[in-house]
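Trainee: Structure below; questions to follow.
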Amino acid sequence: MHPILVAVLLGLLQGILEWIPVSSEGGVALASTALAGLDPGDATRLALFLHAGTAVAAVAYYRGELRDVLDSLTALSRRPFADETADLSFLVLATMATGVTGLPAYLALDAAVSELEGGLFLALVGGLLVLTGLVQRSAAALSLGERTRPDWVDAILVGGLQGLAILPGVSRSGTTVSALLLRGHDGESSLRFSFLLSIPAALAANALVLVDTGLPSITPVEAVVALAVSAVAGYLTVDALVRLVREVPFWAVCTVFGGLGVVGGLLVAL
């Protein structure tokens, strides 16, 4: 397959999967392994790199919310987690927590996937998708109380889990939304916080990959194409997919596709 076409397909996949509780990183990594023949390490780094495209889409889609959040910046040092600063306080502290857990997870992941064969990599991603689905199912059933604004516990918990979601197969949106639901936030607020929090995390992941290894097995032209497609696809699909998430039990989707990934990966490995 022509490399530009592969870049378009991977960007399209990233743009769609980022918003739903199915691991976009795992999906893109699997697709790049199948379409471009990348080894697990390069496939994982490429998947992380492409998150910058959907970060741009999130900024464009949530520009109004981001403007409101930034308007409270001057009051942040005086009254953190007050009514007018709760959202910004949550984003700042959660992003810091993501860095604390995400960097070690990235280093451990990079070492681990380099030792895996293709089939075992598929099985690992599938197993983590199953785990994500089970977490989401539990969150839907065990939501605790009702909260109208986030606090420091939410920030540390959700940010720390987001850092661990760097693992391919662990859905970043599914994990963070599940944690917020368990903490008592409603579905719409949980989605909003999750997607806003994805912006600094995605840009940081992209920068980490570039600093660590440079462009991950992709030419500059292919990188621009993939990022542009993921940004456009992400912007065009986010509204529809946010509505869909409110209706469809994506925990079941994670579990089914994860199970297929485990079986397929083991068959390839054998």
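Naming works like this for the structure tokens: A, B, ... for the chains as they're shown, residue 1 at the start of each chain, ligands 1 onward in shown order.
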For the structure I just gave you, how does DSSP split range 11-118 of chain A - specifically, which residues are helix (DSSP H, G or I)? Reply as a PyMOL selection string.
Mentor: chain A and resi 11-17+24-36+40-49+51-61+63-71+73-75+86-113+118
Trainee: Dump as a Markdown table the rows for residues of range 13-125 of chain A within 8 Å of range 162-165 of chain A: closest atom pair and distance in Å with one decimal, only C-alpha atoms counted, ordered by chain and rising residue number.
Mentor:
| residue | atom | partner | partner_atom | distance |
| --- | --- | --- | --- | --- |
| A:Ala97 | CA | A:Gly163 | CA | 7.5 |
| A:Thr98 | CA | A:Gly163 | CA | 4.3 |
| A:Gly99 | CA | A:Gly163 | CA | 6.4 |
| A:Val100 | CA | A:Gly163 | CA | 7.5 |
| A:Thr101 | CA | A:Gly163 | CA | 4.9 |
| A:Gly102 | CA | A:Gly163 | CA | 3.7 |
| A:Leu103 | CA | A:Gly163 | CA | 7.5 |
| A:Ala105 | CA | A:Leu164 | CA | 6.1 |
Trainee: Keeping N, CA, C and O atoms for every residue in the selection just given, could you write it to a file as a short mmCIF file (atom, residue, chain, number, x, y, z; two decimals), in the first residue's frame?
Mentor:
data_model
loop_
_atom_site.label_atom_id
_atom_site.label_comp_id
_atom_site.auth_asym_id
_atom_site.auth_seq_id
_atom_site.Cartn_x
_atom_site.Cartn_y
_atom_site.Cartn_z
N ALA A 97 -0.18 15.25 37.36
CA ALA A 97 -0.25 13.84 37.77
C ALA A 97 -0.02 12.92 36.58
O ALA A 97 0.60 11.86 36.72
N THR A 98 -0.49 13.32 35.40
CA THR A 98 -0.25 12.53 34.19
C THR A 98 1.24 12.42 33.90
O THR A 98 1.75 11.35 33.53
N GLY A 99 1.95 13.53 34.07
CA GLY A 99 3.39 13.50 33.85
C GLY A 99 4.11 12.58 34.81
O GLY A 99 5.05 11.88 34.43
N VAL A 100 3.66 12.56 36.07
CA VAL A 100 4.31 11.74 37.09
C VAL A 100 4.19 10.25 36.75
O VAL A 100 5.15 9.48 36.92
N THR A 101 3.03 9.83 36.27
CA THR A 101 2.84 8.40 35.95
C THR A 101 3.15 8.08 34.49
O THR A 101 3.57 6.97 34.17
N GLY A 102 2.97 9.07 33.60
CA GLY A 102 3.10 8.80 32.18
C GLY A 102 4.52 8.59 31.71
O GLY A 102 4.78 7.71 30.87
N LEU A 103 5.46 9.38 32.22
CA LEU A 103 6.84 9.24 31.77
C LEU A 103 7.43 7.88 32.14
O LEU A 103 8.01 7.19 31.27
N ALA A 105 5.77 5.18 32.68
CA ALA A 105 5.03 4.19 31.90
C ALA A 105 5.54 4.14 30.47
O ALA A 105 5.66 3.06 29.87
#
Trainee: Can you list, as a PDB file with all heavy atoms, in the first residue's frame, every protein, DNA or RNA residue that comes within 6 Å of range 231-241 of chain A when you count only C-alpha atoms, leaving out same-chain residues fewer than 3 positions away?
Mentor:
ATOM      1  N   LEU A  12      -7.103   8.949   9.804  1.00  0.00           N
ATOM      2  CA  LEU A  12      -8.554   8.802   9.901  1.00  0.00           C
ATOM      3  C   LEU A  12      -8.930   7.938  11.103  1.00  0.00           C
ATOM      4  O   LEU A  12      -9.859   8.259  11.857  1.00  0.00           O
ATOM      5  CB  LEU A  12      -9.091   8.178   8.610  1.00  0.00           C
ATOM      6  CG  LEU A  12     -10.604   8.049   8.471  1.00  0.00           C
ATOM      7  CD1 LEU A  12     -11.261   9.422   8.471  1.00  0.00           C
ATOM      8  CD2 LEU A  12     -10.953   7.296   7.187  1.00  0.00           C
ATOM      9  N   GLY A  15      -8.399   9.926  14.265  1.00  0.00           N
ATOM     10  CA  GLY A  15      -9.406  10.971  14.407  1.00  0.00           C
ATOM     11  C   GLY A  15     -10.738  10.457  14.891  1.00  0.00           C
ATOM     12  O   GLY A  15     -11.471  11.173  15.585  1.00  0.00           O
ATOM     13  N   ILE A  16     -11.073   9.241  14.545  1.00  0.00           N
ATOM     14  CA  ILE A  16     -12.352   8.665  14.967  1.00  0.00           C
ATOM     15  C   ILE A  16     -12.247   7.996  16.336  1.00  0.00           C
ATOM     16  O   ILE A  16     -13.084   8.216  17.222  1.00  0.00           O
ATOM     17  CB  ILE A  16     -12.852   7.650  13.921  1.00  0.00           C
ATOM     18  CG1 ILE A  16     -13.167   8.372  12.597  1.00  0.00           C
ATOM     19  CG2 ILE A  16     -14.088   6.909  14.425  1.00  0.00           C
ATOM     20  CD1 ILE A  16     -13.503   7.447  11.453  1.00  0.00           C
ATOM     21  N   GLY A  53      -2.716  15.428  16.386  1.00  0.00           N
ATOM     22  CA  GLY A  53      -3.757  15.829  15.444  1.00  0.00           C
ATOM     23  C   GLY A  53      -5.105  15.988  16.118  1.00  0.00           C
ATOM     24  O   GLY A  53      -5.819  16.981  15.896  1.00  0.00           O
ATOM     25  N   THR A  54      -5.468  15.018  16.955  1.00  0.00           N
ATOM     26  CA  THR A  54      -6.755  15.125  17.638  1.00  0.00           C
ATOM     27  C   THR A  54      -6.713  16.146  18.774  1.00  0.00           C
ATOM     28  O   THR A  54      -7.753  16.650  19.188  1.00  0.00           O
ATOM     29  CB  THR A  54      -7.202  13.746  18.166  1.00  0.00           C
ATOM     30  OG1 THR A  54      -6.082  13.041  18.723  1.00  0.00           O
ATOM     31  CG2 THR A  54      -7.804  12.913  17.055  1.00  0.00           C
ATOM     32  N   VAL A  56      -5.380  19.086  18.342  1.00  0.00           N
ATOM     33  CA  VAL A  56      -5.778  20.283  17.594  1.00  0.00           C
ATOM     34  C   VAL A  56      -7.290  20.294  17.390  1.00  0.00           C
ATOM     35  O   VAL A  56      -7.946  21.345  17.535  1.00  0.00           O
ATOM     36  CB  VAL A  56      -5.043  20.329  16.238  1.00  0.00           C
ATOM     37  CG1 VAL A  56      -5.585  21.454  15.359  1.00  0.00           C
ATOM     38  CG2 VAL A  56      -3.548  20.501  16.447  1.00  0.00           C
ATOM     39  N   ALA A  57      -7.869  19.142  17.063  1.00  0.00           N
ATOM     40  CA  ALA A  57      -9.313  19.055  16.886  1.00  0.00           C
ATOM     41  C   ALA A  57     -10.049  19.394  18.185  1.00  0.00           C
ATOM     42  O   ALA A  57     -11.074  20.089  18.173  1.00  0.00           O
ATOM     43  CB  ALA A  57      -9.696  17.651  16.415  1.00  0.00           C
ATOM     44  N   ALA A 228      -2.806  16.012   9.732  1.00  0.00           N
ATOM     45  CA  ALA A 228      -3.886  16.826   9.178  1.00  0.00           C
ATOM     46  C   ALA A 228      -5.183  16.032   9.076  1.00  0.00           C
ATOM     47  O   ALA A 228      -6.266  16.521   9.434  1.00  0.00           O
ATOM     48  CB  ALA A 228      -3.488  17.363   7.800  1.00  0.00           C
ATOM     49  N   LEU A 244     -23.054   9.684  20.696  1.00  0.00           N
ATOM     50  CA  LEU A 244     -23.133   8.231  20.617  1.00  0.00           C
ATOM     51  C   LEU A 244     -22.683   7.567  21.905  1.00  0.00           C
ATOM     52  O   LEU A 244     -23.274   6.578  22.357  1.00  0.00           O
ATOM     53  CB  LEU A 244     -22.271   7.737  19.449  1.00  0.00           C
ATOM     54  CG  LEU A 244     -22.383   6.256  19.076  1.00  0.00           C
ATOM     55  CD1 LEU A 244     -23.796   5.930  18.628  1.00  0.00           C
ATOM     56  CD2 LEU A 244     -21.391   5.919  17.967  1.00  0.00           C
TER      57      LEU A 244
END
Trainee: Would you list the contacts of range 79-87 of chain A as a VMD selection string, taking every protein, DNA or RNA residue within 9 Å and counting only C-alpha atoms, but skipping same-chain residues closer than 5 positions in sequence?
Mentor: chain A and resid 69 72 to 73 92 149 to 152 193
Trainee: Generate a file of the selected residues that holds all heavy atoms, formatted as a PDB file, in the first residue's frame.
Mentor:
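Listed below is the output, result26.pdb:
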ATOM      1  N   VAL A  69     -12.206  28.665  30.728  1.00  0.00           N
ATOM      2  CA  VAL A  69     -11.250  28.138  31.699  1.00  0.00           C
ATOM      3  C   VAL A  69     -10.081  29.105  31.880  1.00  0.00           C
ATOM      4  O   VAL A  69      -9.661  29.407  33.003  1.00  0.00           O
ATOM      5  CB  VAL A  69     -10.751  26.746  31.257  1.00  0.00           C
ATOM      6  CG1 VAL A  69      -9.532  26.328  32.074  1.00  0.00           C
ATOM      7  CG2 VAL A  69     -11.858  25.706  31.407  1.00  0.00           C
ATOM      8  N   SER A  72     -10.271  32.260  34.119  1.00  0.00           N
ATOM      9  CA  SER A  72     -10.151  32.134  35.575  1.00  0.00           C
ATOM     10  C   SER A  72      -8.701  32.030  36.032  1.00  0.00           C
ATOM     11  O   SER A  72      -8.442  31.818  37.215  1.00  0.00           O
ATOM     12  CB  SER A  72     -10.928  30.901  36.054  1.00  0.00           C
ATOM     13  OG  SER A  72     -10.345  29.699  35.554  1.00  0.00           O
ATOM     14  N   LEU A  73      -7.757  32.222  35.116  1.00  0.00           N
ATOM     15  CA  LEU A  73      -6.346  32.024  35.435  1.00  0.00           C
ATOM     16  C   LEU A  73      -5.855  32.956  36.539  1.00  0.00           C
ATOM     17  O   LEU A  73      -5.096  32.541  37.420  1.00  0.00           O
ATOM     18  CB  LEU A  73      -5.501  32.225  34.176  1.00  0.00           C
ATOM     19  CG  LEU A  73      -4.007  31.945  34.285  1.00  0.00           C
ATOM     20  CD1 LEU A  73      -3.768  30.497  34.699  1.00  0.00           C
ATOM     21  CD2 LEU A  73      -3.307  32.233  32.960  1.00  0.00           C
ATOM     22  N   VAL A  92      -4.881  21.636  35.529  1.00  0.00           N
ATOM     23  CA  VAL A  92      -3.469  21.842  35.868  1.00  0.00           C
ATOM     24  C   VAL A  92      -2.945  20.690  36.719  1.00  0.00           C
ATOM     25  O   VAL A  92      -1.901  20.094  36.423  1.00  0.00           O
ATOM     26  CB  VAL A  92      -3.285  23.183  36.598  1.00  0.00           C
ATOM     27  CG1 VAL A  92      -1.867  23.293  37.163  1.00  0.00           C
ATOM     28  CG2 VAL A  92      -3.564  24.347  35.654  1.00  0.00           C
ATOM     29  N   ARG A 149     -18.702  19.794  40.602  1.00  0.00           N
ATOM     30  CA  ARG A 149     -17.413  20.315  40.148  1.00  0.00           C
ATOM     31  C   ARG A 149     -16.299  19.392  40.630  1.00  0.00           C
ATOM     32  O   ARG A 149     -16.449  18.695  41.640  1.00  0.00           O
ATOM     33  CB  ARG A 149     -17.190  21.742  40.649  1.00  0.00           C
ATOM     34  CG  ARG A 149     -16.976  21.895  42.138  1.00  0.00           C
ATOM     35  CD  ARG A 149     -16.559  23.335  42.452  1.00  0.00           C
ATOM     36  NE  ARG A 149     -16.134  23.506  43.828  1.00  0.00           N
ATOM     37  CZ  ARG A 149     -16.838  24.099  44.779  1.00  0.00           C
ATOM     38  NH1 ARG A 149     -18.028  24.588  44.478  1.00  0.00           N
ATOM     39  NH2 ARG A 149     -16.365  24.214  46.010  1.00  0.00           N
ATOM     40  N   PRO A 150     -15.176  19.376  39.925  1.00  0.00           N
ATOM     41  CA  PRO A 150     -14.079  18.476  40.301  1.00  0.00           C
ATOM     42  C   PRO A 150     -13.308  19.007  41.501  1.00  0.00           C
ATOM     43  O   PRO A 150     -13.314  20.214  41.783  1.00  0.00           O
ATOM     44  CB  PRO A 150     -13.195  18.471  39.043  1.00  0.00           C
ATOM     45  CG  PRO A 150     -13.426  19.809  38.430  1.00  0.00           C
ATOM     46  CD  PRO A 150     -14.873  20.135  38.704  1.00  0.00           C
ATOM     47  N   ASP A 151     -12.627  18.109  42.220  1.00  0.00           N
ATOM     48  CA  ASP A 151     -11.775  18.518  43.329  1.00  0.00           C
ATOM     49  C   ASP A 151     -10.375  17.933  43.120  1.00  0.00           C
ATOM     50  O   ASP A 151     -10.083  17.314  42.106  1.00  0.00           O
ATOM     51  CB  ASP A 151     -12.362  18.093  44.678  1.00  0.00           C
ATOM     52  CG  ASP A 151     -12.575  16.582  44.792  1.00  0.00           C
ATOM     53  OD1 ASP A 151     -11.975  15.832  43.984  1.00  0.00           O
ATOM     54  OD2 ASP A 151     -13.323  16.153  45.688  1.00  0.00           O
ATOM     55  N   TRP A 152      -9.504  18.111  44.115  1.00  0.00           N
ATOM     56  CA  TRP A 152      -8.118  17.675  43.963  1.00  0.00           C
ATOM     57  C   TRP A 152      -7.999  16.157  43.896  1.00  0.00           C
ATOM     58  O   TRP A 152      -7.084  15.636  43.244  1.00  0.00           O
ATOM     59  CB  TRP A 152      -7.254  18.242  45.092  1.00  0.00           C
ATOM     60  CG  TRP A 152      -7.593  17.729  46.458  1.00  0.00           C
ATOM     61  CD1 TRP A 152      -8.493  18.261  47.336  1.00  0.00           C
ATOM     62  CD2 TRP A 152      -7.033  16.586  47.100  1.00  0.00           C
ATOM     63  NE1 TRP A 152      -8.530  17.515  48.488  1.00  0.00           N
ATOM     64  CE2 TRP A 152      -7.637  16.480  48.374  1.00  0.00           C
ATOM     65  CE3 TRP A 152      -6.077  15.643  46.736  1.00  0.00           C
ATOM     66  CZ2 TRP A 152      -7.323  15.467  49.274  1.00  0.00           C
ATOM     67  CZ3 TRP A 152      -5.763  14.626  47.622  1.00  0.00           C
ATOM     68  CH2 TRP A 152      -6.379  14.551  48.879  1.00  0.00           C
ATOM     69  N   PHE A 193     -14.573  16.811  30.719  1.00  0.00           N
ATOM     70  CA  PHE A 193     -13.301  16.863  31.433  1.00  0.00           C
ATOM     71  C   PHE A 193     -12.263  15.962  30.763  1.00  0.00           C
ATOM     72  O   PHE A 193     -11.080  16.313  30.650  1.00  0.00           O
ATOM     73  CB  PHE A 193     -13.480  16.453  32.888  1.00  0.00           C
ATOM     74  CG  PHE A 193     -14.160  17.480  33.736  1.00  0.00           C
ATOM     75  CD1 PHE A 193     -15.211  17.118  34.569  1.00  0.00           C
ATOM     76  CD2 PHE A 193     -13.758  18.798  33.716  1.00  0.00           C
ATOM     77  CE1 PHE A 193     -15.844  18.065  35.356  1.00  0.00           C
ATOM     78  CE2 PHE A 193     -14.380  19.758  34.502  1.00  0.00           C
ATOM     79  CZ  PHE A 193     -15.434  19.393  35.320  1.00  0.00           C
TER      80      PHE A 193
END
Trainee: What separation in Å, quoted to one decimal, exists between CA of Leu50 in chain A and CA of Val221 in chain A?
Mentor: 13.5 Å
Trainee: Calculate how many Å separate CA of Ala7 in chain A from CA of Ala202 in chain A, rounding to one decimal.
Mentor: 18.4 Å
